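Asker: My structure is in start.tsv, and what it holds is TSV, C-alpha atoms:
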chain	number	residue	atom	x	y	z
R	1	MET	CA	13.49	10.16	-26.98
R	2	LYS	CA	10.51	9.04	-24.89
R	3	SER	CA	9.51	10.92	-21.76
R	4	ILE	CA	7.34	10.04	-18.80
R	5	THR	CA	4.33	12.33	-18.73
R	6	SER	CA	2.45	10.86	-15.77
R	7	LYS	CA	3.77	9.05	-12.74
R	8	PHE	CA	2.55	8.76	-9.15
R	9	ASN	CA	4.01	11.66	-7.17
R	10	ARG	CA	1.67	12.06	-4.22
R	11	LEU	CA	3.33	9.79	-1.67
R	12	ASN	CA	3.04	12.41	1.09
R	13	ASP	CA	-0.72	12.69	0.49
R	14	PHE	CA	-1.02	8.90	0.59
R	15	LEU	CA	0.94	8.70	3.84
R	16	ALA	CA	-1.32	11.38	5.36
R	17	ILE	CA	-4.38	9.21	4.62
R	18	LEU	CA	-2.88	6.20	6.41
R	19	ASP	CA	-1.56	8.38	9.24
R	20	GLY	CA	-5.10	9.72	9.69
R	21	THR	CA	-6.23	6.26	10.82
R	22	GLY	CA	-4.22	6.71	14.02
R	23	TYR	CA	-1.80	3.85	13.36
R	24	PRO	CA	1.92	4.25	12.58
R	25	VAL	CA	3.05	3.90	8.96
R	26	PHE	CA	6.26	2.18	7.85
R	27	ALA	CA	7.97	1.65	4.51
R	28	TYR	CA	8.50	-2.02	3.66
R	29	ASP	CA	12.22	-1.72	4.38
R	30	THR	CA	11.78	-0.33	7.91
R	31	ASN	CA	13.63	-1.95	10.81
R	32	VAL	CA	11.57	-4.89	12.12
R	33	ASP	CA	12.10	-3.79	15.74
R	34	GLU	CA	10.10	-0.62	15.09
R	35	MET	CA	7.20	-2.71	13.83
R	36	ASN	CA	7.43	-5.13	16.76
R	37	ASP	CA	6.97	-2.21	19.17
R	38	ASN	CA	3.48	-1.51	17.77
R	39	ASP	CA	0.30	-3.57	18.17
R	40	SER	CA	-1.22	-2.37	14.88
R	41	PHE	CA	0.45	-0.54	12.00
R	42	TRP	CA	0.64	0.05	8.24
R	43	VAL	CA	3.37	-1.08	5.83
R	44	TYR	CA	3.55	0.18	2.24
R	45	MET	CA	5.56	-0.58	-0.88
R	46	ASP	CA	5.22	2.00	-3.64
R	47	LYS	CA	7.86	0.56	-6.01
R	48	GLY	CA	6.22	-2.69	-7.10
R	49	ASN	CA	6.48	-4.70	-10.30
R	50	ILE	CA	5.71	-3.02	-13.62
R	51	THR	CA	3.51	-4.56	-16.32
R	52	LYS	CA	2.31	-3.36	-19.71
R	53	GLY	CA	-1.00	-1.49	-19.70
R	54	GLU	CA	-3.73	-1.71	-22.34
R	55	ALA	CA	-2.42	1.22	-24.37
R	56	ASN	CA	1.03	1.21	-25.98
R	57	THR	CA	2.08	4.18	-23.86
R	58	ASN	CA	0.77	2.95	-20.47
R	59	TRP	CA	2.50	0.88	-17.83
R	60	HIS	CA	1.05	-0.32	-14.51
R	61	GLN	CA	3.21	-0.22	-11.42
R	62	GLU	CA	2.04	-2.27	-8.43
R	63	PHE	CA	1.36	-0.30	-5.26
R	64	THR	CA	0.71	-2.40	-2.17
R	65	PHE	CA	-0.06	-1.43	1.37
R	66	MET	CA	-0.99	-3.58	4.33
R	67	PHE	CA	-2.61	-3.11	7.72
R	68	ILE	CA	-1.22	-5.50	10.33
R	69	SER	CA	-2.86	-5.93	13.74
R	70	LYS	CA	-1.80	-8.26	16.51
R	71	SER	CA	-5.11	-7.62	18.31
R	72	ALA	CA	-7.46	-7.89	15.29
R	73	LYS	CA	-8.26	-4.16	15.17
R	74	GLU	CA	-10.72	-3.18	12.45
R	75	ILE	CA	-10.32	-0.44	9.85
R	76	ASP	CA	-12.78	1.06	7.35
R	77	GLU	CA	-11.43	-0.51	4.17
R	78	ILE	CA	-13.95	1.11	1.80
R	79	SER	CA	-13.21	4.61	3.10
R	80	ILE	CA	-9.47	4.06	2.67
R	81	ILE	CA	-9.94	2.71	-0.87
R	82	GLN	CA	-12.04	5.74	-1.82
R	83	GLN	CA	-9.49	8.16	-0.39
R	84	VAL	CA	-6.46	6.63	-2.13
R	85	GLU	CA	-8.28	6.36	-5.46
R	86	GLY	CA	-8.51	10.16	-5.30
R	87	LEU	CA	-4.70	10.12	-5.54
R	88	ASN	CA	-4.71	7.99	-8.73
R	89	ILE	CA	-3.90	4.81	-6.85
R	90	LEU	CA	-6.21	2.34	-8.57
R	91	PHE	CA	-7.64	-0.40	-6.36
R	92	ASP	CA	-7.39	-4.00	-7.65
R	93	ARG	CA	-8.28	-6.26	-4.72
R	94	LEU	CA	-8.22	-6.65	-0.95
R	95	GLU	CA	-7.01	-9.76	0.87
R	96	ARG	CA	-7.58	-10.62	4.55
R	97	GLU	CA	-5.66	-13.32	6.36
R	98	THR	CA	-4.32	-14.30	9.74
R	99	PHE	CA	-0.86	-15.65	10.36
R	100	LYS	CA	1.65	-16.34	13.12
R	101	LEU	CA	4.42	-13.82	13.63
R	102	ALA	CA	7.71	-15.67	13.25
R	103	GLU	CA	9.47	-14.13	16.24
R	104	THR	CA	6.70	-14.61	18.82
R	105	GLN	CA	4.24	-17.16	17.38
R	106	GLN	CA	1.54	-14.55	18.11
R	107	MET	CA	-1.41	-14.45	15.69
R	108	ALA	CA	-1.89	-11.30	13.60
R	109	LEU	CA	-4.51	-10.09	11.13
R	110	THR	CA	-3.40	-8.60	7.83
R	111	VAL	CA	-5.49	-6.62	5.39
R	112	THR	CA	-3.59	-6.20	2.13
R	113	PHE	CA	-4.64	-3.57	-0.40
R	114	ASN	CA	-3.35	-4.50	-3.85
R	115	CYS	CA	-3.43	-1.47	-6.14
R	116	HIS	CA	-1.57	0.00	-9.07
R	117	THR	CA	-0.62	3.34	-10.51
R	118	ILE	CA	-0.36	4.21	-14.18
R	119	ILE	CA	2.82	5.47	-15.79
R	120	ARG	CA	2.27	7.19	-19.15
R	121	VAL	CA	5.11	7.51	-21.63
R	122	CYS	CA	5.09	9.78	-24.68
R	123	GLY	CA	7.45	10.19	-27.51
Can you present the structure in this file as structure tokens?
Answerer:
Amino acid sequence: MKSITSKFNRLNDFLAILDGTGYPVFAYDTNVDEMNDNDSFWVYMDKGNITKGEANTNWHQEFTFMFISKSAKEIDEISIIQQVEGLNILFDRLERETFKLAETQQMALTVTFNCHTIIRVCG
């Protein structure tokens, strides 16, 4: 029988990093009204798609988090990347874009951090 020997288990530490920026943090399945009440906030999804890693016993699970600001607030992306990499969240790429919020037609800035964690399986 195979067993998982390494899996991301530091969600509380991750949330503390985002919380330290001074903006509220929401899981991707949070009620939209809570997000609408805030000008700038974080959204995260820690249970992303899983793909095969380079080694036979490694799997990569996507880990995505996004900063959304209706007033184009700036964050220190490099500092955040460095902090989360200390939690074994491996940075892949960052994407910036602006879009219109569906409910209000208001413009918003998004900064999406695309990362992954490694799941190791033995047995």
Asker: Restricting the calculation to only C-alpha atoms: of R:Phe63, R:Ala102, R:Cys122, R:Arg96, which residue gets closest to R:Phe14?
Answerer: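 Ranked by minimum distance to R:Phe14, first place goes to R:Phe63.
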Asker: Taking all atoms listed in the file into account, name the residue in R:Ile50, R:Phe65, R:Gly20, R:Ser71 that is nearest to R:Asn38.
Answerer: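 Nearest candidate to R:Asn38 out of R:Ile50, R:Phe65, R:Gly20, R:Ser71: R:Ser71.
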Asker: Which residues, written as a PyMOL selection string, have at least one atom at most 8 Å from R:Thr51, with only C-alpha atoms counted and residues fewer than 2 positions away on the same chain left out?
Answerer: chain R and resi 49+53+59-61
Asker: What lies within 12 Å of R:Asp37 using only C-alpha atoms, ignoring chain neighbours under 5 positions off, as a ChimeraX atom specification?
Answerer: /R:24,31-32,69-70
Asker: Could you give me, as a list in words, the residues within 12 Å of R:Gly22, counting only C-alpha atoms and dropping anything in the same chain fewer than 2 positions from it?
Answerer: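 Once the adjacent positions are removed, what remains is Leu15, Ala16, Ile17, Leu18, Asp19, Gly20, Pro24, Val25, Asn38, Asp39, Ser40, Phe41, Trp42, Phe67, Lys73, Glu74 and Ile75 of chain R.
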Asker: Would you mind reading off the distance between atom CA of R:Lys100 and atom CA of R:Thr112, one decimal, in Å?
Answerer: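 Here the two named atoms are 15.8 Å from each other.
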Asker: Mind giving me the straight-line distance from atom CA of R:Asp13 to atom CA of R:Ile89 in Å, one decimal?
Answerer: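 The value is 11.2 Å.
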Asker: Quick one: pull the distance between atom CA of R:Gln105 and atom CA of R:Met35, Å, one decimal.
Answerer: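 Rounded to one decimal, the two atoms are 15.2 Å apart.
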Asker: Return the single residue from R:Ala55, R:Val84, R:Ala72, R:Glu103 that is closest to R:Asp33, with distances computed using only C-alpha atoms.
Answerer: R:Glu103
Asker: From the list R:Glu54, R:Glu97, R:Glu62, R:Asp46, which residue is nearest R:Val111 when using only C-alpha atoms?
Answerer: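 Comparing R:Glu54, R:Glu97, R:Glu62, R:Asp46 against R:Val111, the winner is R:Glu97.
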Asker: With all atoms listed in the file as the basis for distance, which of R:His116, R:Lys52, R:Gln82, R:Leu11 is at the shortest distance from R:Ala27?
Answerer: R:Leu11
Asker: Take every atom of stretch 32-49 of chain R listed in the file, fit an axis-aligned box around them, add 5 Å per side, and give the centre and edge lengths in Å to one decimal as lines of an AutoDock Vina configuration file.
Answerer:
center_x = 5.4
center_y = -1.6
center_z = 4.4
size_x = 23.3
size_y = 17.1
size_z = 39.5
Asker: Go through R:Asn36, R:Phe91, R:Ile118, R:Thr64 one by one, measure the shortest atom-to-atom distance of each to R:Thr104 using only C-alpha atoms, and give the residue with the smallest value.
Answerer: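 Result for the nearest residue to R:Thr104: R:Asn36.
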